[in-house]
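Printed here is structure31.csv (CSV, C-alpha atoms and all ligand atoms):
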```csv
chain,number,residue,atom,x,y,z
A,1,MET,CA,23.1,8.9,24.6
A,2,PRO,CA,21.5,10.3,21.4
A,3,ARG,CA,19.3,13.4,21.9
A,4,LYS,CA,15.6,12.7,22.1
A,5,LEU,CA,13.2,14.5,19.8
A,6,VAL,CA,9.7,15.5,20.9
A,7,VAL,CA,7.3,16.9,18.2
A,8,ALA,CA,4.0,18.6,18.8
A,9,ASN,CA,1.3,17.9,16.2
A,10,TRP,CA,-1.3,20.5,16.7
A,11,LYS,CA,-3.5,19.0,14.0
A,12,MET,CA,-6.4,21.5,13.2
A,13,HIS,CA,-6.4,23.4,16.4
A,14,GLY,CA,-5.6,26.9,17.4
A,15,ASN,CA,-6.1,30.5,16.5
A,16,LEU,CA,-3.8,33.6,16.5
A,17,ALA,CA,-4.5,34.4,20.1
A,18,SER,CA,-4.3,30.9,21.6
A,19,ASN,CA,-1.2,30.1,19.5
A,20,GLN,CA,0.6,33.1,20.9
A,21,GLN,CA,-0.2,32.0,24.5
A,22,LEU,CA,0.8,28.4,23.9
A,23,LEU,CA,4.0,29.2,22.1
A,24,ASP,CA,5.0,31.8,24.8
A,25,ALA,CA,4.4,29.0,27.4
A,26,TYR,CA,6.4,26.5,25.3
A,27,ILE,CA,9.3,29.0,25.2
A,28,GLN,CA,9.2,29.7,28.9
A,29,LYS,CA,9.0,26.0,29.9
A,30,LEU,CA,10.9,24.2,27.2
A,31,THR,CA,13.9,26.4,26.1
A,32,PRO,CA,15.9,25.5,29.2
A,33,LEU,CA,15.8,21.8,28.3
A,34,LYS,CA,19.3,20.7,27.3
A,35,ASN,CA,19.1,17.2,26.0
A,36,THR,CA,15.9,17.2,24.0
A,37,ASP,CA,15.0,18.8,20.6
A,38,VAL,CA,11.5,20.2,20.5
A,39,VAL,CA,9.5,20.9,17.3
A,40,VAL,CA,6.0,22.2,16.8
A,41,CYS,CA,4.1,21.3,13.6
A,42,VAL,CA,1.3,24.0,13.1
A,43,PRO,CA,-1.5,24.4,10.5
A,44,TYR,CA,-0.2,26.1,7.4
A,45,PRO,CA,-1.7,29.5,8.0
A,46,TYR,CA,0.2,29.8,11.3
A,47,LEU,CA,3.7,29.1,10.0
A,48,ALA,CA,4.5,32.8,9.8
A,49,GLN,CA,3.3,33.3,13.3
A,50,ALA,CA,5.4,30.3,14.5
A,51,GLN,CA,8.4,31.7,12.7
A,52,SER,CA,8.0,35.2,14.2
A,53,ILE,CA,7.6,33.8,17.8
A,54,LEU,CA,10.1,30.9,17.7
A,55,GLN,CA,13.0,32.3,15.7
A,56,ASN,CA,16.0,32.8,17.9
A,57,THR,CA,14.8,30.1,20.3
A,58,THR,CA,15.8,26.5,20.5
A,59,ILE,CA,12.3,25.3,19.4
A,60,ALA,CA,11.9,24.5,15.7
A,61,TRP,CA,8.7,24.5,13.7
A,62,GLY,CA,7.2,22.7,10.8
A,63,ALA,CA,4.1,21.7,8.9
A,64,GLN,CA,1.7,18.8,8.9
A,65,ASN,CA,1.7,18.0,5.2
A,66,LEU,CA,3.2,19.1,1.8
A,67,SER,CA,2.6,18.7,-1.9
A,68,LYS,CA,4.2,15.8,-3.7
A,69,ASP,CA,4.9,18.3,-6.6
A,70,ALA,CA,7.5,21.1,-6.6
A,71,VAL,CA,5.5,23.8,-8.4
A,72,GLY,CA,2.6,24.1,-10.7
A,73,ALA,CA,-1.2,24.2,-11.2
A,74,PHE,CA,-2.2,22.3,-8.1
A,75,THR,CA,-4.9,24.4,-6.4
A,76,GLY,CA,-4.8,24.3,-2.7
A,77,GLU,CA,-1.5,22.5,-2.4
A,78,VAL,CA,1.6,23.9,-0.5
A,79,SER,CA,5.1,23.0,-1.8
A,80,ALA,CA,8.3,22.2,0.1
A,81,SER,CA,9.9,25.5,-0.9
A,82,MET,CA,6.9,27.4,0.4
A,83,LEU,CA,7.4,25.8,3.8
A,84,LYS,CA,11.1,26.7,3.6
A,85,ASP,CA,10.1,30.3,3.0
A,86,PHE,CA,8.6,30.4,6.5
A,87,GLY,CA,11.6,28.8,8.1
A,88,ALA,CA,10.1,25.4,8.6
A,89,SER,CA,12.6,22.6,9.2
A,90,TYR,CA,10.3,19.6,9.6
A,91,VAL,CA,7.2,18.3,7.9
A,92,ILE,CA,4.9,15.4,9.0
A,93,ILE,CA,4.2,13.0,6.1
A,94,GLY,CA,1.5,10.3,5.7
A,95,HIS,CA,-0.3,10.9,9.0
A,96,SER,CA,-3.0,8.2,9.2
A,97,GLU,CA,-5.7,11.0,9.7
A,98,ARG,CA,-4.7,12.2,6.2
A,99,ALA,CA,-4.0,8.9,4.6
A,100,THR,CA,-7.5,7.7,5.5
A,101,ALA,CA,-9.5,10.8,4.9
A,102,TYR,CA,-7.7,11.8,1.7
A,103,CYS,CA,-6.9,8.4,0.3
A,104,GLU,CA,-3.1,8.9,0.2
A,105,SER,CA,-1.3,6.0,-1.3
A,106,ASP,CA,2.1,4.7,-0.1
A,107,GLU,CA,3.5,5.9,-3.4
A,108,ASN,CA,2.2,9.5,-2.9
A,109,ILE,CA,3.6,9.5,0.6
A,110,ALA,CA,7.0,8.3,-0.7
A,111,THR,CA,7.1,11.1,-3.3
A,112,LYS,CA,6.3,13.6,-0.5
A,113,PHE,CA,9.1,12.2,1.5
A,114,MET,CA,11.5,12.7,-1.4
A,115,GLN,CA,10.2,16.3,-1.9
A,116,ALA,CA,10.8,17.1,1.7
A,117,LYS,CA,14.3,15.6,1.8
A,118,SER,CA,15.4,17.2,-1.5
A,119,HIS,CA,14.4,20.6,-0.2
A,120,GLY,CA,16.3,20.3,3.1
A,121,LEU,CA,13.2,19.7,5.2
A,122,THR,CA,13.4,16.8,7.7
A,123,PRO,CA,10.4,14.5,6.9
A,124,ILE,CA,8.6,12.8,9.8
A,125,LEU,CA,7.1,9.7,8.2
A,126,CYS,CA,4.1,8.3,10.0
A,127,VAL,CA,3.6,4.5,9.8
A,128,GLY,CA,1.3,2.2,11.7
A,129,GLU,CA,-1.3,-0.5,11.6
A,130,THR,CA,-5.0,-0.7,12.4
A,131,LEU,CA,-6.4,-2.6,15.3
A,132,ILE,CA,-7.7,-5.3,12.9
A,133,GLU,CA,-4.2,-5.7,11.4
A,134,ARG,CA,-2.7,-6.0,14.9
A,135,GLU,CA,-5.2,-8.5,16.0
A,136,ALA,CA,-4.5,-10.5,12.8
A,137,GLY,CA,-0.8,-10.4,13.7
A,138,VAL,CA,0.2,-8.7,10.4
A,139,MET,CA,1.4,-5.3,11.9
A,140,GLU,CA,5.0,-5.8,10.9
A,141,MET,CA,4.0,-6.7,7.3
A,142,VAL,CA,1.9,-3.5,7.1
A,143,VAL,CA,4.6,-1.3,8.4
A,144,ALA,CA,7.3,-3.0,6.3
A,145,LYS,CA,5.2,-2.2,3.1
A,146,GLN,CA,5.0,1.5,4.1
A,147,ILE,CA,8.8,1.6,4.6
A,148,ASP,CA,9.7,-0.5,1.6
A,149,THR,CA,7.7,1.6,-0.8
A,150,ILE,CA,10.1,4.5,0.0
A,151,MET,CA,13.3,2.3,-0.1
A,152,ASN,CA,12.2,0.7,-3.5
A,153,MET,CA,11.4,4.1,-5.1
A,154,TYR,CA,14.4,6.1,-3.8
A,155,GLY,CA,16.9,3.8,-2.0
A,156,ALA,CA,17.4,3.2,1.7
A,157,ALA,CA,20.0,6.1,1.9
A,158,ILE,CA,17.1,8.6,1.7
A,159,PHE,CA,16.3,7.6,5.4
A,160,ALA,CA,19.6,9.2,6.6
A,161,ASN,CA,18.9,11.9,9.2
A,162,THR,CA,15.1,11.6,8.8
A,163,VAL,CA,12.4,10.7,11.3
A,164,VAL,CA,9.9,7.8,11.3
A,165,SER,CA,7.1,8.0,13.7
A,166,TYR,CA,5.4,4.7,14.7
A,167,GLU,CA,1.7,5.6,15.3
A,168,PRO,CA,-0.5,2.6,15.7
A,169,ILE,CA,-3.9,3.9,14.4
A,170,TRP,CA,-5.7,2.3,17.4
A,171,ALA,CA,-3.6,4.3,19.8
A,172,ILE,CA,-4.2,7.7,18.2
A,173,GLY,CA,-6.6,9.9,20.2
A,174,SER,CA,-8.0,6.8,22.0
A,175,GLY,CA,-6.3,7.2,25.4
A,176,LEU,CA,-4.9,3.7,24.9
A,177,ALA,CA,-1.2,4.0,24.1
A,178,ALA,CA,0.8,1.0,22.9
A,179,SER,CA,2.8,-0.5,25.8
A,180,ALA,CA,6.5,0.3,25.9
A,181,GLU,CA,7.2,-3.3,24.9
A,182,GLN,CA,4.8,-3.2,21.9
A,183,ALA,CA,6.3,0.1,20.7
A,184,GLN,CA,10.0,-1.0,21.3
A,185,SER,CA,9.4,-4.2,19.4
A,186,MET,CA,8.0,-2.3,16.3
A,187,HIS,CA,10.8,0.3,16.5
A,188,GLU,CA,13.4,-2.4,16.6
A,189,PHE,CA,11.8,-4.0,13.6
A,190,ILE,CA,11.7,-0.7,11.6
A,191,ARG,CA,15.4,0.1,12.4
A,192,GLY,CA,16.4,-3.4,11.5
A,193,ARG,CA,14.5,-3.3,8.2
A,194,ILE,CA,16.3,-0.1,7.1
A,195,ALA,CA,19.6,-1.4,8.5
A,196,CYS,CA,19.5,-4.4,6.3
A,197,ALA,CA,19.7,-2.1,3.3
A,198,ASP,CA,21.8,0.8,4.8
A,199,LYS,CA,23.3,0.5,8.3
A,200,GLY,CA,24.4,4.2,8.3
A,201,ALA,CA,21.0,5.5,7.4
A,202,ALA,CA,19.4,3.3,10.1
A,203,ALA,CA,21.8,4.6,12.7
A,204,SER,CA,21.1,8.2,11.9
A,205,LEU,CA,17.3,7.7,11.8
A,206,LYS,CA,15.2,8.9,14.7
A,207,ILE,CA,12.2,6.7,15.5
A,208,LEU,CA,9.4,8.4,17.4
A,209,TYR,CA,6.3,6.8,19.0
A,210,GLY,CA,3.0,8.6,18.7
A,211,GLY,CA,-0.5,7.7,20.0
A,212,SER,CA,-2.0,8.8,23.4
A,213,VAL,CA,1.4,9.8,24.8
A,214,ASN,CA,1.0,11.6,28.2
A,215,PRO,CA,3.5,12.7,30.8
A,216,GLN,CA,3.0,9.4,32.8
A,217,ASN,CA,3.4,6.8,30.0
A,218,ALA,CA,6.2,8.9,28.3
A,219,VAL,CA,8.6,7.9,31.1
A,220,GLN,CA,8.5,4.1,30.2
A,221,LEU,CA,8.2,4.7,26.5
A,222,PHE,CA,11.2,7.0,26.2
A,223,ALA,CA,13.3,4.6,28.4
A,224,MET,CA,13.2,2.0,25.6
A,225,PRO,CA,16.4,1.7,23.5
A,226,ASP,CA,14.8,2.2,20.1
A,227,ILE,CA,12.3,4.9,21.1
A,228,ASP,CA,14.0,8.2,20.3
A,229,GLY,CA,11.1,10.5,21.3
A,230,GLY,CA,7.5,11.1,20.6
A,231,LEU,CA,5.0,12.7,18.2
A,232,ILE,CA,2.3,14.3,20.5
A,233,GLY,CA,-1.2,15.2,19.5
A,234,LYS,CA,-3.7,16.1,22.3
A,235,CYS,CA,-1.2,16.7,25.1
A,236,SER,CA,0.8,19.2,22.9
A,237,LEU,CA,-2.2,21.6,23.2
A,238,SER,CA,-1.4,22.0,26.9
A,239,ALA,CA,1.9,23.6,27.7
A,240,SER,CA,2.2,21.9,31.1
A,241,GLU,CA,1.4,18.4,29.7
A,242,PHE,CA,3.7,18.9,26.8
A,243,ASP,CA,6.4,20.1,29.2
A,244,GLY,CA,5.9,16.9,31.3
A,245,ILE,CA,6.4,14.8,28.2
A,246,CYS,CA,9.5,16.7,27.2
A,247,ARG,CA,10.9,16.3,30.7
A,248,ALA,CA,10.3,12.6,30.5
A,249,ALA,CA,12.5,12.6,27.4
A,250,THR,CA,15.2,14.6,29.1
B,1,LIG,P1,-2.7,11.8,20.3
B,1,LIG,O1,-1.4,12.2,21.1
B,1,LIG,O2,-3.8,12.8,20.5
B,1,LIG,O3,-3.1,10.4,20.5
B,1,LIG,O4,-2.3,12.0,18.7
B,1,LIG,C1,-1.2,11.3,18.3
B,1,LIG,C2,-0.9,11.8,16.9
B,1,LIG,O5,-1.7,11.6,16.0
B,1,LIG,C3,0.3,12.5,16.7
B,1,LIG,O6,0.5,12.7,15.3
```
Represent the supplied structure as structure tokens.
Ligand code: 13P
Amino acid sequence: MPRKLVVANWKMHGNLASNQQLLDAYIQKLTPLKNTDVVVCVPYPYLAQAQSILQNTTIAWGAQNLSKDAVGAFTGEVSASMLKDFGASYVIIGHSERATAYCESDENIATKFMQAKSHGLTPILCVGETLIEREAGVMEMVVAKQIDTIMNMYGAAIFANTVVSYEPIWAIGSGLAASAEQAQSMHEFIRGRIACADKGAAASLKILYGGSVNPQNAVQLFAMPDIDGGLIGKCSLSASEFDGICRAAT
């Protein structure tokens, strides 16, 4: 069975003292897990702290965004090579909280995906539909467009050994997770769409589910054949809840 991947997305939470406590608890609880890879994506200023606490453990770390440009006069931006300087191995791209608030286009997100991949970072591409789009029955069309923009710009092979996270916008932070069947159906659709263009890339891709995952619903979600793990917001801020989710994956 392929290894599951569980990623903590801390969003804009934490400070030096609380991060230290939370990461110490992660290490204590999660490093004994054998069949699950665990990653924590922290706010930029805490990458150095994550590196110093997590190096030489089995927990990897990453960021929640990166610049679409490699270097230059882009005030406030952070490049892929800067993330690498702090030992990051993953980066979340196109999270709906950013795409909505900062008007990120699918093309911008695609360029960020390529930047991450070409610098040896594993991109975690977030895709998903709004409630209105689901109710209108166009959720697969919406997700297909997000995936196709990257395939059209860079080719399907770019998805090899990367991560896509299906995060229906209506499920994020709402306490209302997608059902295991709803998530499985979309995950199968995503893998199939990429497989049509590149079977090998689709087989090596991990597809996570994100949106109100908790230790209880994780059991059913992670039992689905195309759900390779989760991207966890709120519950990743509690070591015991995050541990419960990681154990459901194991
Ligand atoms: P919640 O787990 O808080 O719903 O957040 C999900 C998410 O946005 C992960 O990126």
Residues within 8 Å of ligand LIG 1 (chain B), counting only C-alpha atoms and all ligand atoms, as an NGL selection string: :A and (8-9 or 11 or 95-97 or 126 or 167 or 171-175 or 177 or 210-214 or 231-236)
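Between Leu237 in chain A and the residues A:Gln115, A:Thr130, A:Ser79, A:Ser18, the shortest atom-to-atom distance, using all atoms listed in the file, involves A:Ser18.
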Hey, can you check how far CA of Asn35 in chain A sits from CA of Thr57 in chain A? 14.7 Å
CA of Leu176 in chain A and CA of Thr149 in chain A, how far apart in Å? 28.7 Å
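Between CA of Val39 in chain A and CA of Val6 in chain A the interatomic distance comes to 6.5 Å.
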Would you list the contacts of Ile27 in chain A as a list of chain:residue names, taking every protein, DNA or RNA residue within 8 Å and counting only C-alpha atoms, but skipping same-chain residues closer than 4 positions in sequence? A:Leu23, A:Thr31, A:Leu54, A:Thr57, A:Ile59
Selection near range 155-158 of chain A, 7 Å with all atoms listed in the file, sequence-local residues under 2 positions removed, as a PyMOL selection string: chain A and resi 151-153+160+194+197-198+201
